[in-house]
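Inspection log for the structure reproduced underneath, given as structure tokens.
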Amino acid sequence: MSTEETSRFVRLRVELVLEVQDEDEVTKAALRGIARDPELPEAERAHAEAAVTEDTAEALAYLVDPFDLVAEVPGVELQQASWSSERIDYDPDSSDWDLDEDDGEDDDEQEDGIG
């Protein structure tokens with residue numbers, strides 16, 4: 001394929017499962033981050049503080065920033081990002097959590113001669 005036929009944009013999907021060992025520390029770290037953010041308007045600051053205090057998953061979403069994941073990668077510029085967090089039931093022995101398992105997309109692409 002020529003350069004004109006291929007897109008310069010790449011979607012990178014990352015899924016993390018974190019074990020929260022100290023909810024208070026996570027909440028405190030998020031609150032410190034909110035307090036240090038000079039660009040956060042007061043109304044949003046109050047909302048963010050309430051959200052991270054009520055839900056550790058929200059505190060993690062505030063602390064983990066996808067922009068930080070690619071900020072030092074040469075030759076790329078982040079165009080768009082979204083992320084969320086939620087509490088889940090996690091069983092590391094379940095096949096539902098097999099990170100090596102194909103999702104079926106790669107197989108289809110390989111059959112078509114792509115990838």
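Just remember, in the structure tokens the first chain shown is A, the second B, etc., residues are 1-based per chain, and ligands are 1-based in the order shown.
By only C-alpha atoms, and with residues fewer than 6 positions from Glu23 (chain A) along its chain excluded, the set lying at most 10 Å from it is Ala29, Thr53, Asp55, Thr56, Ala57, Ala59 and Leu60 of chain A.
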With C-alpha atoms retained, write the just-selected residues as a CSV table (one decimal), in the first residue's frame.
```
chain,number,residue,atom,x,y,z
A,29,ALA,CA,-3.5,11.2,45.9
A,53,THR,CA,-14.1,10.9,47.6
A,55,ASP,CA,-15.7,6.3,44.6
A,56,THR,CA,-12.1,4.9,44.4
A,57,ALA,CA,-12.7,4.0,40.8
A,59,ALA,CA,-10.1,8.5,42.0
A,60,LEU,CA,-8.1,6.2,39.8
```
Test item, alpha helix (DSSP H) assignment across chain A, answer as a ChimeraX atom specification: /A:23-36,42-54,56-63,66-70,105-111
Counting only C-alpha atoms, the residue of A:Ala50, A:Ala35, A:Leu69, A:Val20 that sits nearest Ile88 (chain A):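 When distances to Ile88 (chain A) are compared using only C-alpha atoms, the smallest one comes from A:Val20.
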Top pick for closest residue to Trp83 (chain A), considering A:Arg13, A:Arg8, A:Arg36, A:Lys28 and counting only C-alpha atoms: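 For Trp83 (chain A), the nearest of the candidates is A:Arg13.
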Atom pair CA of Asp89 (chain A) / CA of Leu16 (chain A): separation (Å): 13.5 Å
Point-to-point distance in Å for CA of Val64 (chain A) and CA of Arg11 (chain A):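 If I compute the distance from CA of Arg11 (chain A) to CA of Val64 (chain A), I get 18.3 Å.
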A:Val76, A:Leu63, A:Val10, A:Ala43 ranked by distance to Ala30 (chain A), top pick (using only C-alpha atoms):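 Closest candidate: A:Leu63.
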d(CA of Pro66 (chain A), CA of Glu44 (chain A)) in Å: 20.2 Å
Closest of A:Val17, A:Val70, A:Leu12, A:Ala61 to Asp91 (chain A) - atom-to-atom distances counting only C-alpha atoms: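 Looking at the shortest contact to Asp91 (chain A), the residue is A:Val17.
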Residue nearest Ser84 (chain A) - candidates A:Val26, A:Thr6, A:Ala48, A:Glu58, atoms counted: only C-alpha atoms: A:Glu58
